[in-house]
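**Q** Sharing entry-v6.cif below, mmCIF, C-alpha atoms and all ligand atoms:
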data_protein
#
loop_
_atom_site.group_PDB
_atom_site.id
_atom_site.type_symbol
_atom_site.label_atom_id
_atom_site.label_comp_id
_atom_site.auth_asym_id
_atom_site.auth_seq_id
_atom_site.Cartn_x
_atom_site.Cartn_y
_atom_site.Cartn_z
ATOM 1 C CA MET A 1 -64.164 30.924 -129.292
ATOM 2 C CA PRO A 2 -61.417 33.566 -129.582
ATOM 3 C CA ASP A 3 -58.084 33.134 -127.785
ATOM 4 C CA GLY A 4 -57.588 34.942 -124.499
ATOM 5 C CA GLN A 5 -57.607 34.748 -120.736
ATOM 6 C CA ILE A 6 -60.432 33.043 -118.848
ATOM 7 C CA ILE A 7 -61.358 34.646 -115.522
ATOM 8 C CA VAL A 8 -62.761 32.406 -112.772
ATOM 9 C CA THR A 9 -64.288 34.024 -109.678
ATOM 10 C CA GLY A 10 -64.378 32.253 -106.299
ATOM 11 C CA ALA A 11 -61.288 30.301 -107.312
ATOM 12 C CA SER A 12 -59.714 29.663 -103.894
ATOM 13 C CA ARG A 13 -61.527 26.399 -103.203
ATOM 14 C CA GLY A 14 -64.445 24.128 -104.057
ATOM 15 C CA ILE A 15 -65.988 24.326 -107.522
ATOM 16 C CA GLY A 16 -63.960 27.406 -108.528
ATOM 17 C CA ALA A 17 -60.619 25.757 -107.733
ATOM 18 C CA ALA A 18 -61.670 22.681 -109.724
ATOM 19 C CA ILE A 19 -62.624 24.877 -112.704
ATOM 20 C CA VAL A 20 -59.180 26.536 -112.635
ATOM 21 C CA SER A 21 -57.464 23.094 -112.614
ATOM 22 C CA GLU A 22 -59.632 21.748 -115.431
ATOM 23 C CA LEU A 23 -59.219 24.776 -117.708
ATOM 24 C CA THR A 24 -55.483 24.968 -117.013
ATOM 25 C CA ALA A 25 -55.163 21.263 -117.919
ATOM 26 C CA ARG A 26 -56.947 22.097 -121.176
ATOM 27 C CA ASP A 27 -54.283 24.775 -121.883
ATOM 28 C CA TYR A 28 -56.445 27.830 -121.294
ATOM 29 C CA LYS A 29 -54.790 30.903 -119.764
ATOM 30 C CA VAL A 30 -56.678 31.121 -116.481
ATOM 31 C CA VAL A 31 -56.812 33.919 -113.906
ATOM 32 C CA GLY A 32 -58.527 33.065 -110.617
ATOM 33 C CA LEU A 33 -60.106 35.638 -108.312
ATOM 34 C CA SER A 34 -60.885 35.331 -104.611
ATOM 35 C CA ARG A 35 -60.931 37.708 -101.676
ATOM 36 C CA SER A 36 -57.510 36.527 -100.509
ATOM 37 C CA GLY A 37 -56.015 36.098 -103.975
ATOM 38 C CA ASP A 38 -55.106 32.506 -103.070
ATOM 39 C CA VAL A 39 -55.787 30.089 -105.904
ATOM 40 C CA PRO A 40 -54.413 26.560 -105.362
ATOM 41 C CA SER A 41 -53.519 25.639 -108.923
ATOM 42 C CA GLY A 42 -52.952 28.809 -110.895
ATOM 43 C CA GLN A 43 -52.526 32.546 -111.129
ATOM 44 C CA GLY A 44 -54.557 34.353 -108.469
ATOM 45 C CA ILE A 45 -55.615 37.958 -107.892
ATOM 46 C CA ALA A 46 -57.360 39.316 -104.791
ATOM 47 C CA CYS A 47 -60.770 40.752 -105.614
ATOM 48 C CA ASP A 48 -63.898 40.963 -103.488
ATOM 49 C CA MET A 49 -66.666 40.498 -106.059
ATOM 50 C CA THR A 50 -69.085 42.601 -103.977
ATOM 51 C CA ASN A 51 -66.764 45.633 -104.284
ATOM 52 C CA GLU A 52 -67.724 47.212 -107.596
ATOM 53 C CA THR A 53 -64.641 49.443 -107.767
ATOM 54 C CA ALA A 54 -62.357 46.469 -107.111
ATOM 55 C CA VAL A 55 -64.097 44.435 -109.837
ATOM 56 C CA CYS A 56 -63.700 47.260 -112.417
ATOM 57 C CA GLU A 57 -60.031 47.788 -111.523
ATOM 58 C CA THR A 58 -59.216 44.079 -111.477
ATOM 59 C CA LEU A 59 -60.799 43.404 -114.875
ATOM 60 C CA ALA A 60 -58.997 46.423 -116.373
ATOM 61 C CA LYS A 61 -55.695 45.160 -114.910
ATOM 62 C CA ILE A 62 -56.230 41.694 -116.402
ATOM 63 C CA ALA A 63 -57.181 43.231 -119.772
ATOM 64 C CA SER A 64 -54.002 45.321 -119.755
ATOM 65 C CA LYS A 65 -51.989 42.061 -119.754
ATOM 66 C CA GLY A 66 -53.811 40.472 -122.696
ATOM 67 C CA ALA A 67 -57.124 39.703 -124.345
ATOM 68 C CA ILE A 68 -60.010 38.250 -122.325
ATOM 69 C CA ALA A 69 -62.067 35.411 -123.857
ATOM 70 C CA GLY A 70 -64.208 34.202 -120.979
ATOM 71 C CA LEU A 71 -65.624 34.758 -117.500
ATOM 72 C CA ILE A 72 -66.832 32.090 -115.085
ATOM 73 C CA ASN A 73 -69.016 33.762 -112.442
ATOM 74 C CA ASN A 74 -68.661 31.155 -109.702
ATOM 75 C CA ALA A 75 -68.187 33.061 -106.399
ATOM 76 C CA GLY A 76 -71.194 32.492 -104.195
ATOM 77 C CA LEU A 77 -72.386 31.995 -100.657
ATOM 78 C CA HIS A 78 -75.178 30.125 -98.979
ATOM 79 C CA LEU A 79 -77.056 31.310 -95.904
ATOM 80 C CA SER A 80 -80.276 29.804 -94.598
ATOM 81 C CA SER A 81 -82.847 31.301 -92.305
ATOM 82 C CA PRO A 82 -86.587 30.910 -91.633
ATOM 83 C CA SER A 83 -88.335 33.380 -93.970
ATOM 84 C CA ALA A 84 -90.545 34.804 -91.208
ATOM 85 C CA GLY A 85 -87.429 36.132 -89.493
ATOM 86 C CA LEU A 86 -85.213 36.732 -92.515
ATOM 87 C CA ASP A 87 -82.962 39.668 -91.827
ATOM 88 C CA THR A 88 -82.847 42.200 -94.694
ATOM 89 C CA ASP A 89 -79.078 42.594 -94.373
ATOM 90 C CA GLU A 90 -78.629 38.830 -94.671
ATOM 91 C CA TYR A 91 -80.946 38.717 -97.705
ATOM 92 C CA GLU A 92 -78.982 41.525 -99.356
ATOM 93 C CA LYS A 93 -75.659 39.862 -98.563
ATOM 94 C CA VAL A 94 -76.735 36.749 -100.463
ATOM 95 C CA MET A 95 -78.232 38.743 -103.349
ATOM 96 C CA GLY A 96 -75.172 41.008 -103.413
ATOM 97 C CA LEU A 97 -72.673 38.245 -104.096
ATOM 98 C CA ASN A 98 -74.818 35.601 -105.822
ATOM 99 C CA ALA A 99 -76.777 37.928 -108.127
ATOM 100 C CA THR A 100 -75.599 41.573 -108.212
ATOM 101 C CA SER A 101 -71.904 40.691 -108.552
ATOM 102 C CA VAL A 102 -72.763 38.434 -111.515
ATOM 103 C CA MET A 103 -74.397 41.387 -113.284
ATOM 104 C CA VAL A 104 -71.504 43.739 -112.430
ATOM 105 C CA ALA A 105 -68.787 41.315 -113.565
ATOM 106 C CA ALA A 106 -70.651 40.520 -116.809
ATOM 107 C CA ARG A 107 -71.247 44.195 -117.542
ATOM 108 C CA GLU A 108 -67.619 45.104 -116.878
ATOM 109 C CA VAL A 109 -66.121 42.240 -118.888
ATOM 110 C CA TYR A 110 -68.440 42.876 -121.842
ATOM 111 C CA PRO A 111 -66.339 45.517 -123.684
ATOM 112 C CA PHE A 112 -63.212 43.353 -123.363
ATOM 113 C CA LEU A 113 -64.965 40.293 -124.806
ATOM 114 C CA ARG A 114 -66.607 42.336 -127.576
ATOM 115 C CA ASP A 115 -63.295 43.960 -128.555
ATOM 116 C CA ASN A 116 -61.668 40.504 -128.666
ATOM 117 C CA GLY A 117 -64.288 39.207 -131.123
ATOM 118 C CA GLY A 118 -66.651 37.521 -128.654
ATOM 119 C CA GLY A 119 -66.390 34.927 -125.897
ATOM 120 C CA LEU A 120 -68.196 32.882 -123.292
ATOM 121 C CA ILE A 121 -69.662 33.815 -119.916
ATOM 122 C CA VAL A 122 -70.651 30.913 -117.677
ATOM 123 C CA ASN A 123 -72.637 31.716 -114.553
ATOM 124 C CA ILE A 124 -72.828 29.140 -111.796
ATOM 125 C CA GLY A 125 -76.430 28.973 -110.637
ATOM 126 C CA SER A 126 -78.076 26.188 -108.673
ATOM 127 C CA PHE A 127 -80.894 23.685 -109.087
ATOM 128 C CA PHE A 128 -82.502 25.535 -106.160
ATOM 129 C CA ASP A 129 -83.497 28.161 -108.765
ATOM 130 C CA LYS A 130 -86.631 26.176 -109.635
ATOM 131 C CA LEU A 131 -87.388 24.602 -106.248
ATOM 132 C CA GLY A 132 -89.252 25.774 -103.169
ATOM 133 C CA VAL A 133 -86.745 25.155 -100.399
ATOM 134 C CA ALA A 134 -87.718 25.941 -96.814
ATOM 135 C CA GLU A 135 -85.456 28.507 -95.107
ATOM 136 C CA ASN A 136 -83.661 29.211 -98.426
ATOM 137 C CA LEU A 137 -85.606 32.189 -99.798
ATOM 138 C CA ALA A 138 -82.565 34.425 -100.392
ATOM 139 C CA TYR A 139 -80.403 31.717 -101.954
ATOM 140 C CA CYS A 140 -83.213 30.445 -104.234
ATOM 141 C CA ALA A 141 -84.115 34.001 -105.304
ATOM 142 C CA SER A 142 -80.468 34.825 -106.041
ATOM 143 C CA LYS A 143 -80.025 31.747 -108.230
ATOM 144 C CA ALA A 144 -83.329 32.338 -110.053
ATOM 145 C CA ALA A 145 -81.995 35.837 -110.802
ATOM 146 C CA VAL A 146 -78.844 34.278 -112.278
ATOM 147 C CA GLY A 147 -80.975 32.221 -114.687
ATOM 148 C CA ALA A 148 -82.937 35.324 -115.723
ATOM 149 C CA MET A 149 -79.787 37.424 -116.211
ATOM 150 C CA THR A 150 -78.244 34.636 -118.276
ATOM 151 C CA ARG A 151 -81.188 34.652 -120.689
ATOM 152 C CA CYS A 152 -81.262 38.462 -120.997
ATOM 153 C CA LEU A 153 -77.515 38.802 -121.598
ATOM 154 C CA ALA A 154 -77.479 35.896 -124.063
ATOM 155 C CA VAL A 155 -80.135 37.576 -126.196
ATOM 156 C CA GLU A 156 -78.566 41.020 -125.938
ATOM 157 C CA TRP A 157 -74.966 40.028 -126.682
ATOM 158 C CA ALA A 158 -75.410 37.221 -129.219
ATOM 159 C CA GLY A 159 -74.752 39.759 -131.986
ATOM 160 C CA ASP A 160 -71.292 40.338 -130.470
ATOM 161 C CA ASP A 161 -70.590 36.569 -130.566
ATOM 162 C CA ILE A 162 -70.738 36.466 -126.780
ATOM 163 C CA ARG A 163 -72.565 33.417 -125.426
ATOM 164 C CA VAL A 164 -73.893 33.278 -121.869
ATOM 165 C CA LEU A 165 -74.772 30.046 -120.047
ATOM 166 C CA ASN A 166 -76.004 29.140 -116.582
ATOM 167 C CA ILE A 167 -74.653 25.869 -115.199
ATOM 168 C CA ALA A 168 -76.853 24.912 -112.266
ATOM 169 C CA PRO A 169 -75.399 22.201 -110.008
ATOM 170 C CA GLY A 170 -77.236 20.046 -107.524
ATOM 171 C CA TYR A 171 -75.518 19.055 -104.282
ATOM 172 C CA ILE A 172 -71.737 19.148 -104.760
ATOM 173 C CA GLU A 173 -69.598 18.389 -101.728
ATOM 174 C CA THR A 174 -67.497 21.474 -100.871
ATOM 175 C CA ASP A 175 -66.748 23.714 -97.860
ATOM 176 C CA LEU A 176 -70.132 25.350 -98.522
ATOM 177 C CA ASN A 177 -72.009 22.255 -97.297
ATOM 178 C CA ARG A 178 -69.479 19.651 -96.053
ATOM 179 C CA ASP A 179 -70.648 19.720 -92.413
ATOM 180 C CA TYR A 180 -74.295 19.557 -93.490
ATOM 181 C CA LEU A 181 -73.741 16.631 -95.867
ATOM 182 C CA ALA A 182 -71.771 14.709 -93.213
ATOM 183 C CA LYS A 183 -74.803 14.393 -90.899
ATOM 184 C CA PRO A 184 -75.928 10.725 -91.067
ATOM 185 C CA GLN A 185 -79.595 11.635 -91.561
ATOM 186 C CA ILE A 186 -78.763 14.039 -94.423
ATOM 187 C CA ASN A 187 -76.382 11.514 -95.976
ATOM 188 C CA ALA A 188 -79.138 8.877 -96.031
ATOM 189 C CA TRP A 189 -81.632 11.408 -97.454
ATOM 190 C CA MET A 190 -79.197 12.316 -100.260
ATOM 191 C CA LYS A 191 -78.667 8.652 -101.182
ATOM 192 C CA LYS A 192 -82.422 8.153 -101.367
ATOM 193 C CA ASN A 193 -83.341 11.356 -103.247
ATOM 194 C CA ILE A 194 -80.511 11.787 -105.745
ATOM 195 C CA PRO A 195 -81.177 9.215 -108.495
ATOM 196 C CA THR A 196 -77.443 8.800 -109.233
ATOM 197 C CA GLY A 197 -76.854 7.861 -105.566
ATOM 198 C CA GLY A 198 -75.445 10.920 -103.795
ATOM 199 C CA PRO A 199 -73.837 14.359 -104.152
ATOM 200 C CA GLY A 200 -71.533 15.189 -107.055
ATOM 201 C CA ALA A 201 -67.914 16.322 -107.036
ATOM 202 C CA PRO A 202 -66.572 19.783 -108.002
ATOM 203 C CA GLU A 203 -64.653 18.122 -110.854
ATOM 204 C CA GLN A 204 -67.961 17.197 -112.537
ATOM 205 C CA VAL A 205 -68.940 20.857 -112.786
ATOM 206 C CA ALA A 206 -65.441 21.769 -113.961
ATOM 207 C CA ARG A 207 -65.472 19.071 -116.650
ATOM 208 C CA LEU A 208 -68.803 20.288 -118.026
ATOM 209 C CA ILE A 209 -67.424 23.828 -118.280
ATOM 210 C CA GLY A 210 -64.250 22.514 -119.949
ATOM 211 C CA ALA A 211 -66.339 20.581 -122.465
ATOM 212 C CA VAL A 212 -68.650 23.509 -123.244
ATOM 213 C CA MET A 213 -65.642 25.768 -123.665
ATOM 214 C CA SER A 214 -63.655 23.380 -125.880
ATOM 215 C CA GLU A 215 -66.445 22.290 -128.208
ATOM 216 C CA ASP A 216 -67.751 24.428 -131.055
ATOM 217 C CA LEU A 217 -71.287 25.045 -129.723
ATOM 218 C CA SER A 218 -72.109 28.417 -131.228
ATOM 219 C CA PHE A 219 -75.902 27.705 -131.196
ATOM 220 C CA LEU A 220 -75.956 27.064 -127.431
ATOM 221 C CA THR A 221 -76.663 30.201 -125.412
ATOM 222 C CA GLY A 222 -78.963 31.503 -122.679
ATOM 223 C CA GLU A 223 -79.688 28.033 -121.307
ATOM 224 C CA THR A 224 -79.655 26.761 -117.759
ATOM 225 C CA ILE A 225 -77.944 23.365 -117.757
ATOM 226 C CA TYR A 226 -78.741 21.319 -114.659
ATOM 227 C CA LEU A 227 -76.048 19.020 -113.301
ATOM 228 C CA ASP A 228 -77.779 17.441 -110.336
ATOM 229 C CA GLY A 229 -77.880 13.668 -110.739
ATOM 230 C CA GLY A 230 -81.557 13.978 -111.721
ATOM 231 C CA GLN A 231 -82.566 15.260 -108.272
ATOM 232 C CA GLY A 232 -84.420 18.360 -109.503
ATOM 233 C CA MET A 233 -86.760 16.225 -111.642
ATOM 234 C CA ASN A 234 -87.154 13.368 -109.161
ATOM 235 C CA LEU A 235 -90.671 13.021 -107.813
HETATM 236 N N1 LIG B 301 -71.602 23.175 -103.321
HETATM 237 C C1 LIG B 301 -72.839 23.011 -103.791
HETATM 238 O O1 LIG B 301 -73.569 22.064 -103.433
HETATM 239 C C2 LIG B 301 -73.400 23.980 -104.799
HETATM 240 C C3 LIG B 301 -74.584 23.644 -105.445
HETATM 241 C C4 LIG B 301 -75.115 24.511 -106.372
HETATM 242 C C5 LIG B 301 -74.474 25.688 -106.657
HETATM 243 N N2 LIG B 301 -73.319 25.996 -106.026
HETATM 244 C C6 LIG B 301 -72.694 27.264 -106.365
HETATM 245 O O2 LIG B 301 -71.378 27.037 -106.817
HETATM 246 C C7 LIG B 301 -70.570 28.166 -106.507
HETATM 247 C C8 LIG B 301 -69.320 27.717 -105.760
HETATM 248 O O3 LIG B 301 -69.735 27.048 -104.584
HETATM 249 P P1 LIG B 301 -68.732 26.180 -103.698
HETATM 250 O O4 LIG B 301 -69.551 25.090 -103.130
HETATM 251 O O5 LIG B 301 -67.496 25.859 -104.435
HETATM 252 O O6 LIG B 301 -68.452 27.237 -102.512
HETATM 253 P P2 LIG B 301 -67.230 27.380 -101.488
HETATM 254 O O7 LIG B 301 -66.454 26.105 -101.394
HETATM 255 O O8 LIG B 301 -67.827 27.968 -100.259
HETATM 256 O O9 LIG B 301 -66.332 28.472 -102.215
HETATM 257 C C9 LIG B 301 -66.841 29.754 -102.420
HETATM 258 C C10 LIG B 301 -65.824 30.552 -103.223
HETATM 259 O O10 LIG B 301 -66.360 31.877 -103.370
HETATM 260 C C11 LIG B 301 -65.369 32.802 -102.938
HETATM 261 N N3 LIG B 301 -65.991 33.995 -102.365
HETATM 262 C C12 LIG B 301 -66.845 34.061 -101.319
HETATM 263 N N4 LIG B 301 -67.183 35.340 -101.096
HETATM 264 C C13 LIG B 301 -66.537 36.081 -102.061
HETATM 265 C C14 LIG B 301 -66.488 37.456 -102.379
HETATM 266 N N5 LIG B 301 -67.185 38.358 -101.693
HETATM 267 N N6 LIG B 301 -65.703 37.841 -103.413
HETATM 268 C C15 LIG B 301 -64.982 36.934 -104.115
HETATM 269 N N7 LIG B 301 -65.003 35.622 -103.879
HETATM 270 C C16 LIG B 301 -65.768 35.211 -102.846
HETATM 271 C C17 LIG B 301 -64.535 32.064 -101.919
HETATM 272 O O11 LIG B 301 -63.234 32.611 -101.910
HETATM 273 P P3 LIG B 301 -62.588 33.374 -100.653
HETATM 274 O O12 LIG B 301 -63.358 32.950 -99.424
HETATM 275 O O13 LIG B 301 -61.182 32.913 -100.685
HETATM 276 O O14 LIG B 301 -62.755 34.796 -101.013
HETATM 277 C C18 LIG B 301 -64.498 30.665 -102.523
HETATM 278 O O15 LIG B 301 -63.478 30.556 -103.496
HETATM 279 C C19 LIG B 301 -71.455 29.123 -105.715
HETATM 280 O O16 LIG B 301 -71.993 30.095 -106.587
HETATM 281 C C20 LIG B 301 -72.553 28.217 -105.192
HETATM 282 O O17 LIG B 301 -73.758 28.906 -104.937
HETATM 283 C C21 LIG B 301 -72.762 25.172 -105.108
#
Take the structure in the file and write it out as structure tokens.
**A**
Amino acid sequence: MPDGQIIVTGASRGIGAAIVSELTARDYKVVGLSRSGDVPSGQGIACDMTNETAVCETLAKIASKGAIAGLINNAGLHLSSPSAGLDTDEYEKVMGLNATSVMVAAREVYPFLRDNGGGLIVNIGSFFDKLGVAENLAYCASKAAVGAMTRCLAVEWAGDDIRVLNIAPGYIETDLNRDYLAKPQINAWMKKNIPTGGPGAPEQVARLIGAVMSEDLSFLTGETIYLDGGQGMNL
């Protein structure tokens, strides 16, 4: 992979913050994005990923400071609602951040990666992309879209030495679900249904990204890699 900055979206907390720490520890030059610009362990820039103009300007600003070698599309949100009453605005909010912003960020970073001789885009999907989860239509659809976009971009940009991967976690304890996972009934359900014994930690996702980035894996592209303790294949 060429040298250059790695951009991590949704870097203020949870999985994104762990990715920034892991890549920084591996000596990558990391720039973290979040709406506030706060990034606990590294350089942060404020950028709302649903604001297309802000995304274009922010990527151009980062590129003006040096080459870009990678993008981790991690920013995401989870909303649940019974499908029979699913509000269109709520559906579009989830699709807007979880799916559309992934396409916009990839499209906008593409010329910078190409001009730097290639690079790696890692999208953070979810194991919900292949499951039927009650009251999760928008979230599941958005993550299935991430898998589809990953495959299309991987095929289209392989000739530019740009690889695109979708890392799809299972339950990872973060602000996104901490209250939910703390309920005793849910906790017991997780222990029973996740073969490895419970939810994972953000550091696990970060370590996988660090490993994929550090190893020479030029034949690996377009894939969805599940990191879910075996839950998605557990009957
Ligand atoms: N936790 C899980 O169990 C789990 C499982 C599978 C997949 N995932 C996926 O992993 C990713 C990270 O999840 P997480 O659990 O770490 O979530 P989290 O703790 O809720 O953090 C979400 C991050 O996204 C940022 N963000 C939210 N809206 C944004 C916007 N409009 N523009 C820019 N940044 C925005 C937040 O930053 P600010 O609020 O500071 O802007 C924050 O850094 C998401 O894509 C999620 O779907 C999570």
**Q** With the file shown as input, list the residues that the PyMOL selection byres (((chain A and resi 178-193) around 12) and not hetatm) selects, as a CSV table (one decimal) with C-alpha atoms, in the coordinates of the input.
**A**
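out-v2.csv, freshly written:
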chain,number,residue,atom,x,y,z
A,14,GLY,CA,-64.4,24.1,-104.1
A,78,HIS,CA,-75.2,30.1,-99.0
A,80,SER,CA,-80.3,29.8,-94.6
A,170,GLY,CA,-77.2,20.0,-107.5
A,171,TYR,CA,-75.5,19.1,-104.3
A,172,ILE,CA,-71.7,19.1,-104.8
A,173,GLU,CA,-69.6,18.4,-101.7
A,174,THR,CA,-67.5,21.5,-100.9
A,175,ASP,CA,-66.7,23.7,-97.9
A,176,LEU,CA,-70.1,25.4,-98.5
A,177,ASN,CA,-72.0,22.3,-97.3
A,194,ILE,CA,-80.5,11.8,-105.7
A,195,PRO,CA,-81.2,9.2,-108.5
A,196,THR,CA,-77.4,8.8,-109.2
A,197,GLY,CA,-76.9,7.9,-105.6
A,198,GLY,CA,-75.4,10.9,-103.8
A,199,PRO,CA,-73.8,14.4,-104.2
A,200,GLY,CA,-71.5,15.2,-107.1
A,201,ALA,CA,-67.9,16.3,-107.0
A,228,ASP,CA,-77.8,17.4,-110.3
A,229,GLY,CA,-77.9,13.7,-110.7
A,230,GLY,CA,-81.6,14.0,-111.7
A,231,GLN,CA,-82.6,15.3,-108.3
A,232,GLY,CA,-84.4,18.4,-109.5
A,233,MET,CA,-86.8,16.2,-111.6
A,234,ASN,CA,-87.2,13.4,-109.2
A,235,LEU,CA,-90.7,13.0,-107.8
**Q** Given the file above and the PyMOL selection byres (((chain A and resi 117) around 9) and not hetatm), which residues are selected, and can you give them as a ChimeraX atom specification?
**A** /A:1-2,69,112-116,118-119,160-162
**Q** Smallest atom-to-atom distance to Ala18 in chain A: which of A:Ile225, A:Cys152, A:Ala206, A:Leu131, using only C-alpha atoms?
**A**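 Looking at the shortest contact to Ala18 in chain A, the residue is A:Ala206.
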**Q** In Å to one decimal, how far is CA of Glu108 in chain A from atom C7 of ligand LIG 301 (chain B)?
**A**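 Separating atom C7 of ligand LIG 301 (chain B) from CA of Glu108 in chain A is a distance of 20.1 Å.
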**Q** What's the separation between CA of Arg163 in chain A and CA of Leu227 in chain A, in Å to one decimal place?
**A**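 It comes out at 19.1 Å.
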**Q** Run the PyMOL selection byres (((chain A and resi 101) around 10) and not hetatm) against the file shown and list the residues it catches, as JSON, numbers by chain.
**A** {"A": [48, 49, 50, 51, 52, 55, 73, 75, 76, 95, 96, 97, 98, 99, 100, 102, 103, 104, 105, 106, 107]}
**Q** Please indicate the distance in Å from atom C7 of ligand LIG 301 (chain B) to CA of Val31 in chain A, rounded to one decimal place.
**A**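 One can read the atom C7 of ligand LIG 301 (chain B) to CA of Val31 in chain A distance as 16.6 Å.
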**Q** Under the rule that all atoms listed in the file are counted, which of A:Gly125, A:Pro111, A:Gly4, A:Gly85 is the nearest residue to ligand LIG 301 (chain B)?
**A**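 Smallest separation from ligand LIG 301 (chain B) among the options: A:Gly125.
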**Q** With 5 Å added on each side, what axis-aligned box encloses every listed atom of ligand LIG 301 (chain B)? Give the centre and edge lengths in Å to one decimal, as AutoDock Vina command-line options.
**A**
--center_x -68.1 --center_y 30.2 --center_z -103.1 --size_x 23.9 --size_y 26.3 --size_z 17.4
**Q** Kindly indicate which residue among A:Pro202, A:Pro82, A:Gly222, A:Gly147 lies nearest to ligand LIG 301 (chain B), using only C-alpha atoms and all ligand atoms for the distances.
**A** A:Pro202
**Q** If you count only C-alpha atoms, which residues fall within 9 Å of Val20 in chain A, apart from same-chain ones fewer than 3 positions away, as a PyMOL selection string?
**A** chain A and resi 7-8+11+15-17+23-25+30-32+39-42+206
**Q** Nearest residue to ligand LIG 301 (chain B) out of A:Ala54, A:Ala141, A:Leu86, A:Ala168, using all atoms listed in the file?
**A**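 Result for the nearest residue to ligand LIG 301 (chain B): A:Ala168.
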**Q** Taking 5 positions as the minimum chain separation for residues in the same chain, which residues sit within 12 Å of Ser83 in chain A when counting all atoms listed in the file? Answer as a VMD selection string.
**A** chain A and resid 88 90 to 91 132 to 140
**Q** Using all atoms listed in the file, which of the listed residues (A:Val205, A:Val164, A:Ala158, A:Ala63) sits closest to ligand LIG 301 (chain B)?
**A**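 Counting all atoms listed in the file, the residue closest to ligand LIG 301 (chain B) is A:Val205.
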**Q** Reconstruct range 91-106 of chain A at the level of N, CA and C atoms, and format the result as a compact mmCIF listing (two decimals), in the coordinates of the input.
**A**
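Writing done, so here's selection_18.txt:
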# COMPACT_ATOMS: atom_id res chain seq x y z
N TYR A 91 -80.37 38.89 -96.36
CA TYR A 91 -80.95 38.72 -97.70
C TYR A 91 -80.09 39.47 -98.73
N GLU A 92 -79.74 40.71 -98.40
CA GLU A 92 -78.98 41.52 -99.36
C GLU A 92 -77.55 41.03 -99.52
N LYS A 93 -77.02 40.43 -98.46
CA LYS A 93 -75.66 39.86 -98.56
C LYS A 93 -75.64 38.73 -99.60
N VAL A 94 -76.65 37.87 -99.52
CA VAL A 94 -76.74 36.75 -100.46
C VAL A 94 -76.99 37.27 -101.88
N MET A 95 -77.94 38.19 -102.02
CA MET A 95 -78.23 38.74 -103.35
C MET A 95 -77.02 39.51 -103.89
N GLY A 96 -76.32 40.18 -103.00
CA GLY A 96 -75.17 41.01 -103.41
C GLY A 96 -74.08 40.20 -104.08
N LEU A 97 -73.73 39.07 -103.48
CA LEU A 97 -72.67 38.24 -104.10
C LEU A 97 -73.26 37.35 -105.20
N ASN A 98 -74.33 36.63 -104.88
CA ASN A 98 -74.82 35.60 -105.82
C ASN A 98 -75.48 36.18 -107.07
N ALA A 99 -76.06 37.37 -106.96
CA ALA A 99 -76.78 37.93 -108.13
C ALA A 99 -76.15 39.24 -108.61
N THR A 100 -76.07 40.25 -107.74
CA THR A 100 -75.60 41.57 -108.21
C THR A 100 -74.17 41.50 -108.76
N SER A 101 -73.31 40.74 -108.08
CA SER A 101 -71.90 40.69 -108.55
C SER A 101 -71.79 39.98 -109.91
N VAL A 102 -72.74 39.11 -110.20
CA VAL A 102 -72.76 38.43 -111.52
C VAL A 102 -73.06 39.46 -112.61
N MET A 103 -74.04 40.33 -112.33
CA MET A 103 -74.40 41.39 -113.28
C MET A 103 -73.22 42.34 -113.47
N VAL A 104 -72.60 42.76 -112.35
CA VAL A 104 -71.50 43.74 -112.43
C VAL A 104 -70.32 43.15 -113.21
N ALA A 105 -69.95 41.93 -112.89
CA ALA A 105 -68.79 41.32 -113.56
C ALA A 105 -69.06 41.13 -115.06
N ALA A 106 -70.30 40.70 -115.39
CA ALA A 106 -70.65 40.52 -116.81
C ALA A 106 -70.62 41.86 -117.54
